[in-house]
$ cat structure10.txt   # compact mmCIF, C-alpha atoms and all ligand atoms
# COMPACT_ATOMS: atom_id res chain seq x y z
CA MET A 1 42.91 292.10 44.39
CA VAL A 2 40.47 289.22 43.94
CA LYS A 3 37.19 290.43 42.37
CA LYS A 4 33.69 289.03 42.67
CA LEU A 5 32.39 287.46 39.47
CA VAL A 6 28.78 286.27 39.35
CA ILE A 7 27.22 284.19 36.59
CA ILE A 8 23.43 283.99 36.31
CA GLY A 9 22.46 280.80 34.48
CA GLY A 10 24.36 277.55 34.07
CA GLY A 11 23.27 276.56 30.56
CA PHE A 12 25.48 276.49 27.45
CA ALA A 13 26.74 280.06 27.79
CA GLY A 14 27.10 280.12 31.59
CA LEU A 15 29.06 276.84 31.79
CA ARG A 16 31.36 277.72 28.90
CA PHE A 17 32.22 281.04 30.56
CA LEU A 18 32.57 279.43 33.99
CA TYR A 19 35.00 276.75 32.76
CA ASN A 20 37.09 279.32 30.87
CA VAL A 21 37.40 281.60 33.88
CA LYS A 22 38.18 278.66 36.18
CA LYS A 23 40.90 277.49 33.81
CA HIS A 24 42.56 280.77 32.88
CA LEU A 25 41.69 283.41 35.49
CA LYS A 26 41.00 281.45 38.65
CA ASP A 27 43.34 283.49 40.84
CA ASN A 28 41.67 286.74 39.82
CA PHE A 29 38.10 285.92 40.80
CA GLU A 30 35.84 284.62 43.50
CA ILE A 31 33.18 283.00 41.30
CA THR A 32 29.50 282.44 42.10
CA LEU A 33 27.11 280.63 39.76
CA ILE A 34 23.42 281.22 40.40
CA ASP A 35 20.81 278.95 38.84
CA GLU A 36 17.23 278.28 39.85
CA ARG A 37 17.56 274.67 38.65
CA LYS A 38 19.52 271.89 40.36
CA THR A 39 20.76 270.54 37.03
CA SER A 40 22.05 272.04 33.81
CA LEU A 41 19.74 270.91 31.02
CA GLU A 42 21.22 269.67 27.73
CA LYS A 43 18.39 270.87 25.50
CA PRO A 44 19.63 269.50 22.15
CA SER A 45 19.03 265.97 23.50
CA LEU A 46 15.42 266.63 24.57
CA PRO A 47 13.90 265.44 21.27
CA GLU A 48 15.44 262.02 22.04
CA VAL A 49 13.71 262.04 25.43
CA ALA A 50 10.41 262.99 23.79
CA MET A 51 10.50 260.65 20.81
CA GLU A 52 12.90 257.83 21.64
CA GLY A 53 12.32 257.52 25.37
CA LYS A 54 15.89 258.47 26.38
CA SER A 55 16.13 258.73 30.15
CA VAL A 56 15.64 262.30 31.33
CA SER A 57 18.56 261.92 33.76
CA LYS A 58 20.86 261.59 30.71
CA VAL A 59 20.14 265.20 29.73
CA GLN A 60 20.52 266.68 33.22
CA ILE A 61 23.97 267.49 34.59
CA PRO A 62 23.80 268.12 38.36
CA PHE A 63 25.35 271.46 39.35
CA GLU A 64 26.66 269.73 42.45
CA LYS A 65 28.97 267.68 40.20
CA ILE A 66 29.87 270.63 37.97
CA MET A 67 30.94 272.70 40.97
CA LYS A 68 32.73 269.89 42.81
CA ARG A 69 36.19 270.80 41.58
CA GLY A 70 37.70 274.26 41.83
CA ASN A 71 37.02 277.57 43.36
CA ALA A 72 33.42 278.39 42.51
CA LYS A 73 30.32 278.56 44.66
CA PHE A 74 26.84 277.47 43.52
CA VAL A 75 23.67 279.25 44.67
CA ASN A 76 20.48 277.36 43.87
CA ARG A 77 18.06 280.32 43.85
CA SER A 78 16.06 282.35 41.39
CA VAL A 79 17.24 285.87 40.58
CA VAL A 80 14.37 288.37 40.91
CA LYS A 81 16.19 291.65 40.26
CA ILE A 82 19.54 293.22 39.51
CA SER A 83 20.47 296.68 40.77
CA PRO A 84 23.26 297.57 38.33
CA GLU A 85 24.06 300.90 39.98
CA ASP A 86 24.72 299.14 43.34
CA GLN A 87 26.15 296.02 41.66
CA ARG A 88 23.77 293.77 43.59
CA ILE A 89 21.59 290.82 42.69
CA GLU A 90 18.39 290.08 44.60
CA LEU A 91 17.33 286.48 45.10
CA ASP A 92 13.88 284.98 45.67
CA ASN A 93 14.69 284.25 49.36
CA GLY A 94 15.25 287.96 50.08
CA GLU A 95 19.03 287.65 50.18
CA SER A 96 21.33 289.56 47.87
CA ILE A 97 24.74 289.00 46.31
CA SER A 98 27.17 291.70 45.22
CA TYR A 99 29.45 291.58 42.20
CA ASP A 100 32.28 293.40 40.48
CA TYR A 101 31.57 291.65 37.18
CA LEU A 102 28.39 289.90 36.09
CA LEU A 103 27.56 287.52 33.26
CA ILE A 104 23.84 287.25 32.47
CA ALA A 105 23.32 283.90 30.74
CA ALA A 106 19.77 283.17 31.84
CA GLY A 107 18.48 281.96 28.47
CA ALA A 108 14.95 282.55 27.19
CA VAL A 109 11.60 281.61 28.73
CA LYS A 110 9.45 279.28 26.63
CA ASP A 111 6.06 280.86 27.18
CA TYR A 112 3.63 277.92 27.01
CA ASN A 113 0.96 279.96 28.81
CA ALA A 114 0.86 282.45 25.94
CA ILE A 115 -0.93 279.83 23.80
CA GLU A 116 -4.57 279.34 24.75
CA GLY A 117 -5.30 275.66 25.33
CA PHE A 118 -1.65 274.57 25.44
CA ASN A 119 -1.77 273.33 29.02
CA GLU A 120 -4.84 271.15 28.31
CA TYR A 121 -4.11 269.90 24.79
CA GLY A 122 -0.62 270.91 23.70
CA TYR A 123 2.69 269.01 23.80
CA SER A 124 6.27 270.22 23.45
CA VAL A 125 9.92 269.18 23.82
CA CYS A 126 11.57 272.30 25.25
CA ASP A 127 12.28 271.19 28.82
CA ASP A 128 12.54 268.17 31.09
CA VAL A 129 8.85 268.29 32.02
CA GLN A 130 7.44 268.61 28.50
CA ALA A 131 9.75 266.11 26.78
CA PRO A 132 8.94 263.06 28.97
CA ARG A 133 5.26 264.08 28.90
CA LEU A 134 5.30 263.85 25.09
CA TRP A 135 7.01 260.43 25.27
CA GLU A 136 4.21 259.16 27.55
CA ARG A 137 1.63 260.44 25.05
CA LEU A 138 3.41 258.90 22.05
CA LYS A 139 3.54 255.50 23.73
CA SER A 140 -0.27 255.34 23.75
CA PHE A 141 -0.76 257.07 20.37
CA ASN A 142 -2.62 254.87 17.91
CA GLY A 143 -2.07 257.00 14.86
CA GLY A 144 -3.98 260.06 13.66
CA ARG A 145 -3.40 263.65 12.65
CA VAL A 146 -0.19 265.15 14.02
CA VAL A 147 0.30 268.92 13.86
CA ILE A 148 3.75 270.37 14.55
CA GLY A 149 4.83 274.02 14.53
CA SER A 150 6.32 277.09 16.20
CA ALA A 151 4.40 279.99 17.69
CA LYS A 152 5.45 283.47 16.58
CA THR A 153 7.81 285.34 18.91
CA GLU A 154 7.58 289.14 19.25
CA TRP A 155 10.76 291.24 19.27
CA SER A 156 11.56 294.87 20.07
CA ASN A 157 13.21 297.07 17.47
CA GLU A 158 16.54 296.38 19.24
CA THR A 159 16.55 292.87 17.76
CA GLN A 160 18.43 293.11 14.49
CA ILE A 161 17.28 289.81 12.98
CA PRO A 162 13.68 289.40 14.16
CA LEU A 163 12.99 285.82 13.09
CA ALA A 164 9.33 284.81 13.41
CA ALA A 165 10.48 281.53 15.02
CA PRO A 166 13.78 281.90 16.88
CA CYS A 167 14.74 278.21 16.84
CA GLU A 168 13.08 276.04 14.19
CA GLY A 169 15.68 273.22 14.25
CA PRO A 170 13.72 271.29 16.90
CA ILE A 171 10.63 271.44 14.64
CA GLY A 172 12.68 269.72 11.93
CA GLU A 173 13.79 267.09 14.42
CA ILE A 174 10.29 266.52 15.77
CA MET A 175 8.68 266.04 12.35
CA PHE A 176 11.31 263.56 11.14
CA MET A 177 11.49 261.72 14.46
CA VAL A 178 7.69 261.46 14.80
CA ASP A 179 7.60 260.17 11.22
CA HIS A 180 10.23 257.57 12.15
CA PHE A 181 8.39 256.62 15.35
CA LEU A 182 5.11 256.12 13.47
CA ARG A 183 6.81 253.97 10.81
CA GLU A 184 8.54 251.84 13.43
CA ASN A 185 5.19 251.23 15.12
CA ASN A 186 3.22 250.56 11.90
CA LEU A 187 1.14 253.69 12.45
CA ARG A 188 2.37 255.85 9.58
CA GLU A 189 -0.31 254.66 7.11
CA LYS A 190 -3.10 255.90 9.32
CA SER A 191 -1.38 259.15 10.29
CA SER A 192 -0.71 262.54 8.73
CA ILE A 193 2.02 265.01 9.68
CA ASN A 194 1.25 268.68 9.06
CA VAL A 195 3.86 271.28 9.91
CA PHE A 196 3.27 275.03 10.16
CA THR A 197 5.61 277.97 10.53
CA PRO A 198 4.86 281.62 11.30
CA GLY A 199 7.69 282.59 8.92
CA GLU A 200 7.54 283.50 5.25
CA ILE A 201 9.39 280.24 4.62
CA PHE A 202 10.16 277.17 6.72
CA PHE A 203 13.69 277.49 8.20
CA GLU A 204 13.91 281.19 7.41
CA ASP A 205 17.39 281.40 8.99
CA VAL A 206 19.14 279.42 6.24
CA GLY A 207 19.57 279.96 2.49
CA GLU A 208 18.22 278.33 -0.63
CA PRO A 209 20.82 275.53 -0.95
CA VAL A 210 19.78 274.17 2.46
CA HIS A 211 16.08 274.45 1.55
CA ASN A 212 16.77 272.60 -1.69
CA ASN A 213 18.45 269.77 0.20
CA LEU A 214 15.78 269.49 2.88
CA LYS A 215 12.77 269.65 0.54
CA PRO A 216 13.14 266.14 -0.97
CA LEU A 217 13.62 264.65 2.54
CA ILE A 218 10.41 266.32 3.72
CA GLU A 219 8.47 265.25 0.62
CA LYS A 220 9.81 261.70 0.66
CA ASN A 221 8.43 261.28 4.17
CA GLY A 222 5.00 262.61 3.22
CA ILE A 223 5.21 265.63 5.53
CA SER A 224 3.26 268.71 4.47
CA VAL A 225 4.40 272.22 5.41
CA VAL A 226 2.42 275.49 5.42
CA THR A 227 3.93 278.92 5.98
CA LYS A 228 2.74 282.24 7.47
CA LYS A 229 0.54 280.58 10.09
CA GLU A 230 0.28 282.15 13.54
CA ILE A 231 -1.22 279.85 16.13
CA SER A 232 -4.04 281.31 18.23
CA LYS A 233 -5.47 278.33 20.12
CA ILE A 234 -5.17 274.59 20.68
CA GLU A 235 -8.36 272.60 21.17
CA ALA A 236 -8.94 268.89 21.84
CA GLN A 237 -8.80 268.04 18.15
CA LYS A 238 -7.87 271.27 16.45
CA VAL A 239 -5.20 273.91 16.09
CA ARG A 240 -6.60 277.34 15.24
CA PHE A 241 -4.71 280.17 13.52
CA LYS A 242 -5.03 283.94 13.64
CA ASP A 243 -6.09 284.12 9.97
CA GLY A 244 -9.24 282.11 10.82
CA SER A 245 -7.97 278.82 9.36
CA GLU A 246 -7.60 275.62 11.36
CA MET A 247 -6.01 272.16 11.23
CA GLU A 248 -7.58 268.98 12.56
CA SER A 249 -5.21 267.49 15.12
CA ASP A 250 -5.03 264.46 17.41
CA LEU A 251 -1.57 265.39 18.63
CA SER A 252 -0.36 269.01 18.65
CA ILE A 253 3.37 269.53 19.26
CA ILE A 254 4.33 273.17 19.57
CA ILE A 255 7.43 275.27 20.26
CA PRO A 256 5.95 278.21 22.21
CA PRO A 257 6.93 281.87 21.82
CA TYR A 258 10.18 282.94 23.47
CA ARG A 259 10.56 285.86 25.85
CA GLY A 260 13.36 287.10 28.08
CA PRO A 261 13.58 286.29 31.82
CA GLU A 262 11.29 288.30 34.15
CA PHE A 263 14.17 289.72 36.22
CA VAL A 264 15.55 291.49 33.12
CA LYS A 265 12.34 293.50 32.79
CA ALA A 266 12.13 294.08 36.55
CA SER A 267 15.70 295.44 36.55
CA ASP A 268 15.36 297.74 33.54
CA VAL A 269 18.48 296.31 31.91
CA GLY A 270 16.84 295.06 28.71
CA ASP A 271 14.03 295.71 26.24
CA GLU A 272 10.27 295.35 26.78
CA PHE A 273 10.41 291.61 26.03
CA GLY A 274 13.24 290.90 28.47
CA PHE A 275 16.09 290.52 25.95
CA ILE A 276 19.30 292.51 26.40
CA SER A 277 21.32 294.43 23.81
CA THR A 278 25.12 294.44 23.92
CA ASP A 279 28.07 295.53 21.82
CA ASN A 280 30.11 292.95 19.89
CA GLU A 281 32.16 292.20 23.04
CA MET A 282 28.90 291.05 24.67
CA ARG A 283 29.08 293.94 27.12
CA HIS A 284 25.92 295.71 28.23
CA LEU A 285 25.65 299.03 26.41
CA LYS A 286 25.25 301.05 29.63
CA TYR A 287 26.68 298.88 32.44
CA ARG A 288 30.09 297.88 31.11
CA ASN A 289 30.85 295.39 33.91
CA ILE A 290 27.83 293.33 32.82
CA PHE A 291 28.31 290.75 30.06
CA VAL A 292 25.40 289.00 28.36
CA ALA A 293 25.66 285.75 26.41
CA GLY A 294 23.28 283.20 24.92
CA ASP A 295 19.56 283.25 24.20
CA VAL A 296 18.94 286.28 26.43
CA ASN A 297 21.18 288.46 24.22
CA ASN A 298 19.48 290.38 21.40
CA LEU A 299 22.44 289.51 19.14
CA SER A 300 21.70 285.82 19.56
CA MET A 301 19.61 284.91 16.54
CA PRO A 302 18.63 282.22 15.85
CA LYS A 303 18.61 281.15 19.48
CA LEU A 304 21.18 278.35 19.30
CA GLY A 305 23.61 276.65 21.67
CA HIS A 306 26.37 277.16 19.11
CA ILE A 307 25.84 280.93 19.14
CA ALA A 308 25.60 280.93 22.96
CA ILE A 309 29.06 279.31 23.07
CA LEU A 310 30.53 281.82 20.59
CA GLN A 311 29.19 284.69 22.69
CA ALA A 312 30.44 283.19 25.97
CA ASP A 313 33.94 282.96 24.45
CA ILE A 314 33.82 286.59 23.34
CA ALA A 315 32.62 287.72 26.78
CA PHE A 316 35.44 285.71 28.37
CA THR A 317 38.14 287.17 26.10
CA SER A 318 36.79 290.68 26.72
CA LEU A 319 36.95 290.16 30.49
CA ARG A 320 40.42 288.61 30.19
CA SER A 321 41.68 291.57 28.19
CA GLU A 322 40.54 293.89 30.97
CA ILE A 323 42.32 291.83 33.61
CA THR A 324 45.57 291.14 31.73
CA GLY A 325 45.74 294.38 29.72
CA ILE A 326 46.36 292.36 26.55
CA ARG A 327 43.66 293.20 24.02
CA GLU A 328 42.87 289.90 22.35
CA ILE A 329 39.14 289.68 21.91
CA LYS A 330 37.43 287.12 19.70
CA PRO A 331 35.42 288.70 16.89
CA PHE A 332 31.68 288.01 16.70
CA GLU A 333 31.26 285.92 13.55
CA PRO A 334 27.90 284.21 13.99
CA GLU A 335 26.99 281.09 12.05
CA ILE A 336 24.39 278.38 12.31
CA PHE A 337 25.78 274.99 13.20
CA CYS A 338 23.25 272.40 14.22
CA ILE A 339 22.57 268.71 13.76
CA MET A 340 18.99 267.57 13.34
CA ASN A 341 18.26 263.98 14.29
CA ARG A 342 15.87 262.37 11.83
CA GLY A 343 15.12 259.17 13.74
CA GLY A 344 17.01 255.87 13.76
CA SER A 345 20.62 256.46 12.73
CA GLU A 346 19.93 259.34 10.33
CA ALA A 347 20.62 263.04 10.88
CA THR A 348 21.23 266.23 8.92
CA LEU A 349 23.97 268.70 9.83
CA ILE A 350 23.47 272.32 8.77
CA LEU A 351 26.32 274.83 8.56
CA SER A 352 25.14 278.19 7.32
CA ASP A 353 26.11 281.86 7.59
CA SER A 354 24.05 283.41 4.79
CA LEU A 355 21.75 285.03 7.37
CA PHE A 356 24.76 287.08 8.47
CA GLY A 357 26.00 287.96 5.00
CA GLY A 358 28.24 284.90 4.49
CA LYS A 359 28.19 282.52 1.57
CA HIS A 360 27.97 279.09 3.21
CA ASP A 361 24.82 277.00 3.15
CA ILE A 362 25.95 273.44 3.63
CA THR A 363 24.11 270.27 4.62
CA LEU A 364 25.54 266.88 5.46
CA THR A 365 22.92 264.16 5.59
CA GLY A 366 23.29 260.56 6.74
CA GLN A 367 24.77 258.37 9.41
CA VAL A 368 27.98 260.40 9.77
CA ALA A 369 25.92 263.42 10.84
CA HIS A 370 24.08 261.18 13.33
CA LEU A 371 27.37 259.91 14.73
CA MET A 372 28.61 263.49 15.10
CA LYS A 373 25.51 264.48 17.07
CA TRP A 374 25.82 261.43 19.28
CA GLY A 375 29.52 262.26 19.82
CA PHE A 376 28.85 265.89 20.67
CA ASP A 377 25.95 265.17 23.04
CA SER A 378 27.82 262.37 24.83
CA TYR A 379 30.97 264.47 25.20
CA TYR A 380 28.96 267.37 26.65
CA TYR A 381 27.12 265.13 29.09
CA TYR A 382 30.05 263.01 30.29
CA THR A 383 32.44 265.96 30.65
CA ARG A 384 29.76 267.88 32.62
CA GLY A 385 29.15 270.63 30.11
CA HIS A 386 32.50 270.92 28.30
CA MET A 387 32.49 271.34 24.54
CA PRO A 388 34.67 269.09 22.36
CA PRO A 389 38.14 270.63 21.71
CA GLU A 390 37.92 273.70 19.47
CA ALA A 391 40.31 272.12 16.94
CA VAL A 392 37.74 269.37 16.26
CA GLN A 393 35.03 271.92 15.44
CA THR A 394 37.42 274.03 13.33
CA ARG A 395 38.68 271.04 11.29
CA MET A 396 35.14 269.79 10.74
CA GLU A 397 34.00 273.19 9.48
CA GLU A 398 37.06 273.55 7.23
CA PHE A 399 36.32 270.13 5.76
CA MET A 400 32.66 270.99 5.13
CA LYS A 401 33.43 274.36 3.56
CA LYS A 402 35.86 272.85 1.01
C1 LIG A 501 14.31 271.22 22.09
C2 LIG A 501 15.49 272.06 21.78
C3 LIG A 501 16.50 271.55 20.98
C4 LIG A 501 17.62 272.32 20.66
N1 LIG A 501 18.60 271.81 19.87
C5 LIG A 501 19.71 272.55 19.61
C6 LIG A 501 20.76 272.02 18.83
O1 LIG A 501 20.69 270.88 18.33
N2 LIG A 501 21.86 272.79 18.63
C7 LIG A 501 21.98 274.04 19.15
O2 LIG A 501 23.00 274.70 18.94
N3 LIG A 501 20.97 274.58 19.90
C8 LIG A 501 19.85 273.86 20.14
N4 LIG A 501 18.84 274.40 20.89
C9 LIG A 501 18.99 275.76 21.44
C10 LIG A 501 19.87 275.76 22.68
O3 LIG A 501 19.43 274.78 23.58
C11 LIG A 501 19.83 277.14 23.33
O4 LIG A 501 20.15 278.09 22.39
C12 LIG A 501 20.83 277.18 24.49
O5 LIG A 501 20.41 276.30 25.51
C13 LIG A 501 20.96 278.59 25.03
O6 LIG A 501 21.92 278.58 26.04
P1 LIG A 501 21.87 279.66 27.20
O7 LIG A 501 23.06 279.39 28.05
O8 LIG A 501 21.66 280.99 26.64
O9 LIG A 501 20.52 279.34 28.00
P2 LIG A 501 20.00 278.03 28.69
O10 LIG A 501 20.71 276.83 28.22
O11 LIG A 501 18.52 278.08 28.55
O12 LIG A 501 20.38 278.21 30.24
C14 LIG A 501 19.83 279.25 31.00
C15 LIG A 501 19.98 278.90 32.47
O13 LIG A 501 19.59 280.05 33.24
C16 LIG A 501 18.83 279.63 34.35
N5 LIG A 501 17.93 280.74 34.75
C17 LIG A 501 16.96 281.34 34.01
N6 LIG A 501 16.35 282.31 34.72
C18 LIG A 501 16.95 282.32 35.94
C19 LIG A 501 16.73 283.10 37.12
N7 LIG A 501 15.80 284.07 37.19
N8 LIG A 501 17.51 282.82 38.20
C20 LIG A 501 18.46 281.84 38.16
N9 LIG A 501 18.68 281.08 37.07
C21 LIG A 501 17.94 281.31 35.97
C22 LIG A 501 18.06 278.42 33.82
O14 LIG A 501 17.62 277.58 34.88
C23 LIG A 501 19.09 277.76 32.91
O15 LIG A 501 19.84 276.78 33.60
C24 LIG A 501 17.71 273.65 21.20
C25 LIG A 501 16.69 274.16 22.00
C26 LIG A 501 15.58 273.38 22.29
C27 LIG A 501 14.50 273.96 23.15

$ encode --input "structure10.txt" --output "structure tokens"
Amino acid sequence: MVKKLVIIGGGFAGLRFLYNVKKHLKDNFEITLIDERKTSLEKPSLPEVAMEGKSVSKVQIPFEKIMKRGNAKFVNRSVVKISPEDQRIELDNGESISYDYLLIAAGAVKDYNAIEGFNEYGYSVCDDVQAPRLWERLKSFNGGRVVIGSAKTEWSNETQIPLAAPCEGPIGEIMFMVDHFLRENNLREKSSINVFTPGEIFFEDVGEPVHNNLKPLIEKNGISVVTKKEISKIEAQKVRFKDGSEMESDLSIIIPPYRGPEFVKASDVGDEFGFISTDNEMRHLKYRNIFVAGDVNNLSMPKLGHIAILQADIAFTSLRSEITGIREIKPFEPEIFCIMNRGGSEATLILSDSLFGGKHDITLTGQVAHLMKWGFDSYYYYTRGHMPPEAVQTRMEEFMKK
């Protein structure tokens, strides 16, 4: 019998899961994707919108196009509550949708409002409103003091790796790309770039070899970094910290704290911050027909697209094993894989698993890394949210680990 499968969220995790089910289990399910947006947002390209003026339409993939082919229905509404006992999802228009299986892939909320003064004086890159807004500001920037940093995110005791900043890669991109922008526009001499992190160290999710490789790049570009700084307020020309210290600032670019989606808290399916715990098959600990993948999952740390994809694959193989009776479930072997643009044609690729007990802490810096990022982002955009073939990723990792 055909079952009802609902996916909440069409980001990295939701699309990966959707495409897998459509390809391998399409006769088993009637699929519905719910997303409150009209387009899937390719977040790793947002720094290029913010600091290189890339068109925002080039990071938005319309759901209409994603859903065109195949047997899935798209519902453009916001989920307000799930009733897991009744297997129903309530939408913001009062309607509800029932399911046999559910994937929650609703990502994390970037809580700009949690930072006093952000809306008046702060800038960011985390979505398709903030990124073009920063580009507009940069275009009229005449040099000055630039402050860049992450706010501290709070976690429940269900989060096993409670990083102070759940995704610091974009901070690395912003500082190098702003540096590049200022140099290109002859503004670097009259500008300073000060970076802060709430963590004990900058990039606390990777090991010493990566720090050792990044340090000379940061120093060479005259960027200063301070640690253990928790932002409390942004003013017109100042960033204030909880320890009473402050930094003079003419341009404050901040990654806000993360929290889980509101409907998770309203539905009592997650912790007090709206993140959800699962087992290693990405199944909800109590409601076994609910899968959770991506930033909203407590196991997802740091909050990365690469980890969202790994989790979506595990959730898919777990669902498939239930349908086919063949138990072949991908193991959860998290790793950090991200490419940081550094402006122009330079980038740094980081492959690291030391946070999870592994022994790899590899960086690849230069134009090849830049080309790889361009290749990945273009592939994702032009194939409407497909990842490059798995063999490409596997070969690349094997090569780097040699
Ligand atoms: C600026 C920036 C740069 C980044 N760069 C990289 C990078 O280079 N590499 C990397 O691996 N990761 C990167 N990341 C992290 C990566 O983007 C995230 O980890 C990834 O997007 C998480 O995927 P997801 O599917 O969990 O959530 P998302 O991609 O956030 O998707 C969640 C979806 O759920 C929908 N949704 C949310 N709430 C509701 C609701 N109530 N009802 C209906 N729909 C809802 C949203 O509209 C959204 O479409 C970056 C992040 C940022 C902010």

$ atom_distance --input "structure10.txt" --atom1 "CA of Gly199 in chain A" --atom2 "CA of Glu230 in chain A"
8.7 Å

$ closest_residue --input "structure10.txt" --among "A:Val79, A:Glu328, A:Ala151, A:Glu272" --to "Leu91 in chain A" --atoms "only C-alpha atoms"
A:Val79

$ closest_residue --input "structure10.txt" --among "A:Arg395, A:Lys220, A:Arg16, A:Lys303" --to "ligand LIG 501 (chain A)" --atoms "only C-alpha atoms and all ligand atoms"
A:Lys303

$ closest_atom_pairs --input "structure10.txt" --of "chain A" --to "ligand LIG 501 (chain A)" --cutoff "6 Å" --atoms "all atoms listed in the file" --output "CSV"
residue,atom,partner,partner_atom,distance
A:Ile8,CA,A:LIG501,N9,5.6
A:Gly9,CA,A:LIG501,O13,3.2
A:Gly10,CA,A:LIG501,O15,4.6
A:Gly11,CA,A:LIG501,O12,3.3
A:Phe12,CA,A:LIG501,O7,3.8
A:Ala13,CA,A:LIG501,O7,3.7
A:Gly14,CA,A:LIG501,O7,5.4
A:Ile34,CA,A:LIG501,C20,5.5
A:Asp35,CA,A:LIG501,N9,3.5
A:Glu36,CA,A:LIG501,C20,4.1
A:Arg37,CA,A:LIG501,O14,4.8
A:Ser40,CA,A:LIG501,O15,5.2
A:Lys43,CA,A:LIG501,O3,4.5
A:Pro44,CA,A:LIG501,N1,3.4
A:Leu46,CA,A:LIG501,C1,5.3
A:Pro47,CA,A:LIG501,C1,5.9
A:Arg77,CA,A:LIG501,C20,5.9
A:Ser78,CA,A:LIG501,N8,3.5
A:Val79,CA,A:LIG501,N8,3.9
A:Val80,CA,A:LIG501,N7,5.9
A:Ala105,CA,A:LIG501,O7,5.3
A:Ala106,CA,A:LIG501,O13,3.4
A:Gly107,CA,A:LIG501,O9,3.4
A:Ala108,CA,A:LIG501,O11,5.9
A:Val125,CA,A:LIG501,C1,5.1
A:Cys126,CA,A:LIG501,C27,4.0
A:Pro170,CA,A:LIG501,C3,4.9
A:Pro261,CA,A:LIG501,N6,5.7
A:Phe263,CA,A:LIG501,N7,6.0
A:Gly294,CA,A:LIG501,O8,3.2
A:Asp295,CA,A:LIG501,O8,3.9
A:Val296,CA,A:LIG501,O8,6.0
A:Lys303,CA,A:LIG501,O4,4.5
A:Leu304,CA,A:LIG501,O4,3.3
A:Gly305,CA,A:LIG501,O2,3.4
A:His306,CA,A:LIG501,O2,4.2
A:Ala308,CA,A:LIG501,O6,5.3
A:Cys338,CA,A:LIG501,N2,4.6
A:Ile339,CA,A:LIG501,O1,5.4

$ residues_near_point --input "structure10.txt" --point "(22.0, 297.3, 43.0)" --cutoff "10 Å" --atoms "all atoms listed in the file" --output "list in words"
Lys81, Ile82, Ser83, Pro84, Glu85, Asp86, Gln87, Arg88, Ile89, Glu90, Ser96, Ile97, Ser98, Tyr99 and Ser267 of chain A

$ residues_around --input "structure10.txt" --residues "range 357-373 of chain A" --least-positions-apart "6" --cutoff "6 Å" --atoms "only C-alpha atoms" --output "list in words"
Pro209, Val210, Ser345, Glu346, Ala347, Thr348, Leu349, Ile350 and Leu351 of chain A

$ closest_residue --input "structure10.txt" --among "A:Lys228, A:Lys65, A:Lys110, A:Arg342" --to "Gly260 in chain A" --atoms "only C-alpha atoms"
A:Lys110

$ decode --input "structure10.txt" --residues "range 233-244 of chain A" --atoms "N, CA and C atoms" --output "mmCIF file, in the first residue's frame"
data_model
loop_
_atom_site.group_PDB
_atom_site.id
_atom_site.type_symbol
_atom_site.label_atom_id
_atom_site.label_comp_id
_atom_site.auth_asym_id
_atom_site.auth_seq_id
_atom_site.Cartn_x
_atom_site.Cartn_y
_atom_site.Cartn_z
ATOM 1 N N LYS A 233 25.701 43.758 22.650
ATOM 2 C CA LYS A 233 24.951 44.848 22.024
ATOM 3 C C LYS A 233 25.733 45.429 20.846
ATOM 4 N N ILE A 234 24.998 45.863 19.821
ATOM 5 C CA ILE A 234 25.642 46.609 18.730
ATOM 6 C C ILE A 234 25.125 48.043 18.788
ATOM 7 N N GLU A 235 26.050 48.985 18.756
ATOM 8 C CA GLU A 235 25.653 50.394 18.701
ATOM 9 C C GLU A 235 26.117 50.975 17.371
ATOM 10 N N ALA A 236 25.855 52.271 17.164
ATOM 11 C CA ALA A 236 26.188 52.894 15.873
ATOM 12 C C ALA A 236 27.662 52.699 15.535
ATOM 13 N N GLN A 237 28.533 52.852 16.523
ATOM 14 C CA GLN A 237 29.962 52.729 16.215
ATOM 15 C C GLN A 237 30.690 51.869 17.233
ATOM 16 N N LYS A 238 29.996 50.866 17.727
ATOM 17 C CA LYS A 238 30.576 50.052 18.796
ATOM 18 C C LYS A 238 29.945 48.670 18.842
ATOM 19 N N VAL A 239 30.750 47.689 19.211
ATOM 20 C CA VAL A 239 30.198 46.379 19.579
ATOM 21 C C VAL A 239 30.563 46.170 21.044
ATOM 22 N N ARG A 240 29.568 45.874 21.859
ATOM 23 C CA ARG A 240 29.825 45.675 23.295
ATOM 24 C C ARG A 240 29.773 44.180 23.624
ATOM 25 N N PHE A 241 30.567 43.788 24.627
ATOM 26 C CA PHE A 241 30.634 42.388 25.042
ATOM 27 C C PHE A 241 30.201 42.227 26.496
ATOM 28 N N LYS A 242 29.823 40.992 26.826
ATOM 29 C CA LYS A 242 29.292 40.729 28.171
ATOM 30 C C LYS A 242 30.320 40.950 29.266
ATOM 31 N N ASP A 243 31.625 40.842 28.945
ATOM 32 C CA ASP A 243 32.649 41.045 29.975
ATOM 33 C C ASP A 243 32.957 42.530 30.207
ATOM 34 N N GLY A 244 32.172 43.421 29.587
ATOM 35 C CA GLY A 244 32.341 44.861 29.796
ATOM 36 C C GLY A 244 33.259 45.517 28.770
#
